[in-house]
Amino acid sequence: MMNKRFTIYKLTTCALMAALMCVLGPMSIQIGPIPVSFTNLVIYLAVYLLGMKGSTISCLVYLILGAVGLPVFSGYAGGLAKLAGPTGGYLIGFIFMALISGFVMEKSRANAVITVLGMIAATLVDYIFGTIWFVLQMDCTLWYALTVCVFPFILVDLAKILVATALGKAVRLALIKSNLLPAQK
């Protein structure tokens with residue numbers, strides 16, 4: 001009985017996190033070719049609530065919904081052209097963000113400092129993947145790609161990581177106290 005309840009909880013929470021990505025992802029601030037969106041904030045929150053597998057599934061659902069044309073990407077865009085375009089590498093990199101930060105969070109048993117470091121590492125992987133994709137698509141220099149796609153976002157992404165950690169840790173503790181999440185062993 002208890003295992004089934006957690007399965008229902010996880011499925012429901014995966015759907016809720018994917019829906020939250022779909023709602024907050026399009027709301028963005030354009031500051032160059034790569035807009036500031038709240039999608040990665042939701043991914044990091046999903047990491048705290050669902051762990052590696054659940055947050056990755058939520059991220060995949062979000063990307064699939066966008067790929068089929070729903071306007072869930074920044075600027076209310078959707079479709080395969082957005083994923084295959086110059087900024088698509090950063091979107092696909094969200095999968096690595098969920099996998100890496102979720103793995104670190106689970107292995108550290110939700111230790112905030114280690115999880116923050118894992119989220120920073122995951123963000124760096126997304127930056128690397130997305131920047132290489134951007135350079136290849138735009139046929140530009142690495143320096144140009146870094147100046148328009150990475151440097152303007154570092155402080156904003158660090159702030160999102162800190163907000164997600166504070167909020168995620170608080171919500172996670174409340175869910176553990178409510179017996180909706182198992183306590184860490």
# chains A, B, ... in the order shown; residues from 1 in each chain; ligands from 1
>>> residues_around(residues="Thr123 of chain A", least_positions_apart="4", cutoff="8 Å", atoms="only C-alpha atoms", output="MDAnalysis selection string")
chainID A and resid 97 119 127 157
>>> select_by_dssp(residues="segment 18-154 of chain A", states="strand (DSSP E)", output="PyMOL selection string")
chain A and resi 28-29+36-37
>>> residues_around(residues="Gly85 of chain A", least_positions_apart="5", cutoff="10 Å", atoms="only C-alpha atoms", output="ChimeraX atom specification")
/A:80,133-134,137-138
>>> closest_residue(among="A:Val113, A:Cys14, A:Ala145, A:Ala81", to="Val47 of chain A", atoms="only C-alpha atoms")
A:Cys14
>>> residues_around(residues="segment 101-105 of chain A", least_positions_apart="2", cutoff="7 Å", atoms="only C-alpha atoms", output="NGL selection string")
:A and (47 or 51-52 or 97-99 or 107-111 or 115 or 118-119 or 122)
>>> residues_around(residues="Tyr90 of chain A", least_positions_apart="2", cutoff="10 Å", atoms="only C-alpha atoms", output="PyMOL selection string")
chain A and resi 34+83+86-88+92-97+123+125-134+149
>>> select_by_dssp(residues="chain A", states="helix (DSSP H, G or I)", output="PyMOL selection string")
chain A and resi 2-24+39-67+74-76+80-84+88-107+112-138+142-149+151-177
>>> residues_around(residues="Lys169 of chain A", least_positions_apart="6", cutoff="9 Å", atoms="only C-alpha atoms", output="list in words")
Leu45, Tyr48, Leu49, Ala110 and Ala112 of chain A
>>> atom_distance(atom1="atom CA of Ser74 of chain A", atom2="atom CA of Arg172 of chain A")
27.8 Å
>>> residues_around(residues="Pro35 of chain A", least_positions_apart="3", cutoff="9 Å", atoms="only C-alpha atoms", output="number ranges by chain")
A: 28-32, 74-75, 149
>>> write_last_selection(atoms="N, CA and C atoms", output="JSON list (two decimals), in the first residue's frame")
[["chain", "number", "residue", "atom", "x", "y", "z"],
["A", 28, "SER", "N", 9.64, 34.97, -20.04],
["A", 28, "SER", "CA", 11.08, 35.19, -20.12],
["A", 28, "SER", "C", 11.38, 36.65, -20.37],
["A", 29, "ILE", "N", 12.63, 36.99, -20.11],
["A", 29, "ILE", "CA", 13.14, 38.33, -20.36],
["A", 29, "ILE", "C", 14.23, 38.19, -21.41],
["A", 30, "GLN", "N", 14.02, 38.81, -22.56],
["A", 30, "GLN", "CA", 14.98, 38.70, -23.66],
["A", 30, "GLN", "C", 16.14, 39.66, -23.40],
["A", 31, "ILE", "N", 17.37, 39.11, -23.26],
["A", 31, "ILE", "CA", 18.54, 39.96, -23.07],
["A", 31, "ILE", "C", 19.60, 39.66, -24.13],
["A", 32, "GLY", "N", 19.22, 39.02, -25.16],
["A", 32, "GLY", "CA", 20.13, 38.62, -26.24],
["A", 32, "GLY", "C", 19.50, 37.42, -26.93],
["A", 74, "SER", "N", 10.64, 29.65, -24.11],
["A", 74, "SER", "CA", 10.73, 31.08, -23.89],
["A", 74, "SER", "C", 10.07, 31.86, -25.02],
["A", 75, "GLY", "N", 9.42, 32.95, -24.63],
["A", 75, "GLY", "CA", 8.74, 33.78, -25.63],
["A", 75, "GLY", "C", 7.52, 33.12, -26.22],
["A", 149, "CYS", "N", 25.62, 34.17, -24.52],
["A", 149, "CYS", "CA", 24.84, 33.04, -24.05],
["A", 149, "CYS", "C", 25.17, 32.56, -22.63]]
>>> decode(residues="segment 124-136 of chain A", atoms="all heavy atoms", output="mmCIF file, in the first residue's frame")
data_model
loop_
_atom_site.group_PDB
_atom_site.id
_atom_site.type_symbol
_atom_site.label_atom_id
_atom_site.label_comp_id
_atom_site.auth_asym_id
_atom_site.auth_seq_id
_atom_site.Cartn_x
_atom_site.Cartn_y
_atom_site.Cartn_z
ATOM 1 N N LEU A 124 26.849 24.231 -15.426
ATOM 2 C CA LEU A 124 28.041 24.329 -16.276
ATOM 3 C C LEU A 124 27.958 23.351 -17.452
ATOM 4 O O LEU A 124 28.328 23.698 -18.581
ATOM 5 C CB LEU A 124 29.312 24.085 -15.463
ATOM 6 C CG LEU A 124 29.701 25.186 -14.487
ATOM 7 C CD1 LEU A 124 30.898 24.748 -13.633
ATOM 8 C CD2 LEU A 124 30.008 26.482 -15.208
ATOM 9 N N VAL A 125 27.472 22.159 -17.200
ATOM 10 C CA VAL A 125 27.304 21.180 -18.282
ATOM 11 C C VAL A 125 26.302 21.708 -19.312
ATOM 12 O O VAL A 125 26.522 21.606 -20.520
ATOM 13 C CB VAL A 125 26.886 19.800 -17.736
ATOM 14 C CG1 VAL A 125 26.467 18.860 -18.854
ATOM 15 C CG2 VAL A 125 28.025 19.190 -16.919
ATOM 16 N N ASP A 126 25.212 22.298 -18.827
ATOM 17 C CA ASP A 126 24.234 22.886 -19.749
ATOM 18 C C ASP A 126 24.869 24.019 -20.551
ATOM 19 O O ASP A 126 24.657 24.122 -21.760
ATOM 20 C CB ASP A 126 23.027 23.407 -18.975
ATOM 21 C CG ASP A 126 21.939 23.966 -19.882
ATOM 22 O OD1 ASP A 126 21.613 23.314 -20.892
ATOM 23 O OD2 ASP A 126 21.422 25.057 -19.585
ATOM 24 N N TYR A 127 25.649 24.865 -19.895
ATOM 25 C CA TYR A 127 26.356 25.947 -20.592
ATOM 26 C C TYR A 127 27.277 25.385 -21.679
ATOM 27 O O TYR A 127 27.305 25.885 -22.800
ATOM 28 C CB TYR A 127 27.217 26.759 -19.629
ATOM 29 C CG TYR A 127 26.493 27.705 -18.706
ATOM 30 C CD1 TYR A 127 27.165 28.263 -17.615
ATOM 31 C CD2 TYR A 127 25.157 28.078 -18.887
ATOM 32 C CE1 TYR A 127 26.543 29.145 -16.756
ATOM 33 C CE2 TYR A 127 24.537 28.957 -18.021
ATOM 34 C CZ TYR A 127 25.225 29.493 -16.959
ATOM 35 O OH TYR A 127 24.615 30.370 -16.110
ATOM 36 N N ILE A 128 28.030 24.354 -21.334
ATOM 37 C CA ILE A 128 28.976 23.771 -22.298
ATOM 38 C C ILE A 128 28.221 23.175 -23.489
ATOM 39 O O ILE A 128 28.538 23.460 -24.644
ATOM 40 C CB ILE A 128 29.877 22.713 -21.619
ATOM 41 C CG1 ILE A 128 30.834 23.390 -20.634
ATOM 42 C CG2 ILE A 128 30.656 21.905 -22.651
ATOM 43 C CD1 ILE A 128 31.527 22.431 -19.672
ATOM 44 N N PHE A 129 27.228 22.346 -23.197
ATOM 45 C CA PHE A 129 26.459 21.700 -24.268
ATOM 46 C C PHE A 129 25.782 22.746 -25.149
ATOM 47 O O PHE A 129 25.871 22.705 -26.378
ATOM 48 C CB PHE A 129 25.433 20.742 -23.655
ATOM 49 C CG PHE A 129 24.710 19.909 -24.667
ATOM 50 C CD1 PHE A 129 25.292 18.770 -25.188
ATOM 51 C CD2 PHE A 129 23.438 20.263 -25.105
ATOM 52 C CE1 PHE A 129 24.632 17.991 -26.136
ATOM 53 C CE2 PHE A 129 22.759 19.503 -26.043
ATOM 54 C CZ PHE A 129 23.369 18.363 -26.562
ATOM 55 N N GLY A 130 25.085 23.686 -24.518
ATOM 56 C CA GLY A 130 24.367 24.706 -25.264
ATOM 57 C C GLY A 130 25.270 25.629 -26.055
ATOM 58 O O GLY A 130 24.952 26.025 -27.178
ATOM 59 N N THR A 131 26.429 25.957 -25.480
ATOM 60 C CA THR A 131 27.357 26.859 -26.160
ATOM 61 C C THR A 131 27.990 26.189 -27.364
ATOM 62 O O THR A 131 28.113 26.813 -28.431
ATOM 63 C CB THR A 131 28.440 27.361 -25.175
ATOM 64 O OG1 THR A 131 27.786 28.022 -24.080
ATOM 65 C CG2 THR A 131 29.392 28.326 -25.841
ATOM 66 N N ILE A 132 28.365 24.938 -27.229
ATOM 67 C CA ILE A 132 28.908 24.208 -28.384
ATOM 68 C C ILE A 132 27.855 24.143 -29.485
ATOM 69 O O ILE A 132 28.138 24.398 -30.656
ATOM 70 C CB ILE A 132 29.392 22.795 -27.975
ATOM 71 C CG1 ILE A 132 30.639 22.903 -27.097
ATOM 72 C CG2 ILE A 132 29.670 21.932 -29.208
ATOM 73 C CD1 ILE A 132 31.037 21.598 -26.429
ATOM 74 N N TRP A 133 26.620 23.838 -29.126
ATOM 75 C CA TRP A 133 25.509 23.780 -30.075
ATOM 76 C C TRP A 133 25.342 25.140 -30.763
ATOM 77 O O TRP A 133 25.194 25.218 -31.982
ATOM 78 C CB TRP A 133 24.240 23.401 -29.316
ATOM 79 C CG TRP A 133 23.009 23.141 -30.124
ATOM 80 C CD1 TRP A 133 22.316 24.040 -30.907
ATOM 81 C CD2 TRP A 133 22.302 21.916 -30.220
ATOM 82 N NE1 TRP A 133 21.221 23.442 -31.448
ATOM 83 C CE2 TRP A 133 21.183 22.137 -31.045
ATOM 84 C CE3 TRP A 133 22.486 20.657 -29.666
ATOM 85 C CZ2 TRP A 133 20.253 21.140 -31.342
ATOM 86 C CZ3 TRP A 133 21.570 19.671 -29.958
ATOM 87 C CH2 TRP A 133 20.474 19.915 -30.792
ATOM 88 N N PHE A 134 25.371 26.217 -29.970
ATOM 89 C CA PHE A 134 25.195 27.569 -30.505
ATOM 90 C C PHE A 134 26.321 27.919 -31.481
ATOM 91 O O PHE A 134 26.066 28.451 -32.569
ATOM 92 C CB PHE A 134 25.162 28.576 -29.347
ATOM 93 C CG PHE A 134 24.837 29.979 -29.763
ATOM 94 C CD1 PHE A 134 23.517 30.396 -29.882
ATOM 95 C CD2 PHE A 134 25.838 30.898 -30.023
ATOM 96 C CE1 PHE A 134 23.212 31.694 -30.256
ATOM 97 C CE2 PHE A 134 25.543 32.195 -30.403
ATOM 98 C CZ PHE A 134 24.221 32.602 -30.524
ATOM 99 N N VAL A 135 27.565 27.617 -31.111
ATOM 100 C CA VAL A 135 28.717 27.908 -31.981
ATOM 101 C C VAL A 135 28.575 27.172 -33.313
ATOM 102 O O VAL A 135 28.812 27.748 -34.382
ATOM 103 C CB VAL A 135 30.047 27.546 -31.281
ATOM 104 C CG1 VAL A 135 31.210 27.530 -32.257
ATOM 105 C CG2 VAL A 135 30.319 28.514 -30.135
ATOM 106 N N LEU A 136 28.184 25.906 -33.257
ATOM 107 C CA LEU A 136 28.032 25.125 -34.485
ATOM 108 C C LEU A 136 26.879 25.643 -35.346
ATOM 109 O O LEU A 136 26.996 25.716 -36.570
ATOM 110 C CB LEU A 136 27.828 23.648 -34.160
ATOM 111 C CG LEU A 136 29.025 22.941 -33.509
ATOM 112 C CD1 LEU A 136 28.639 21.531 -33.079
ATOM 113 C CD2 LEU A 136 30.224 22.921 -34.438
#
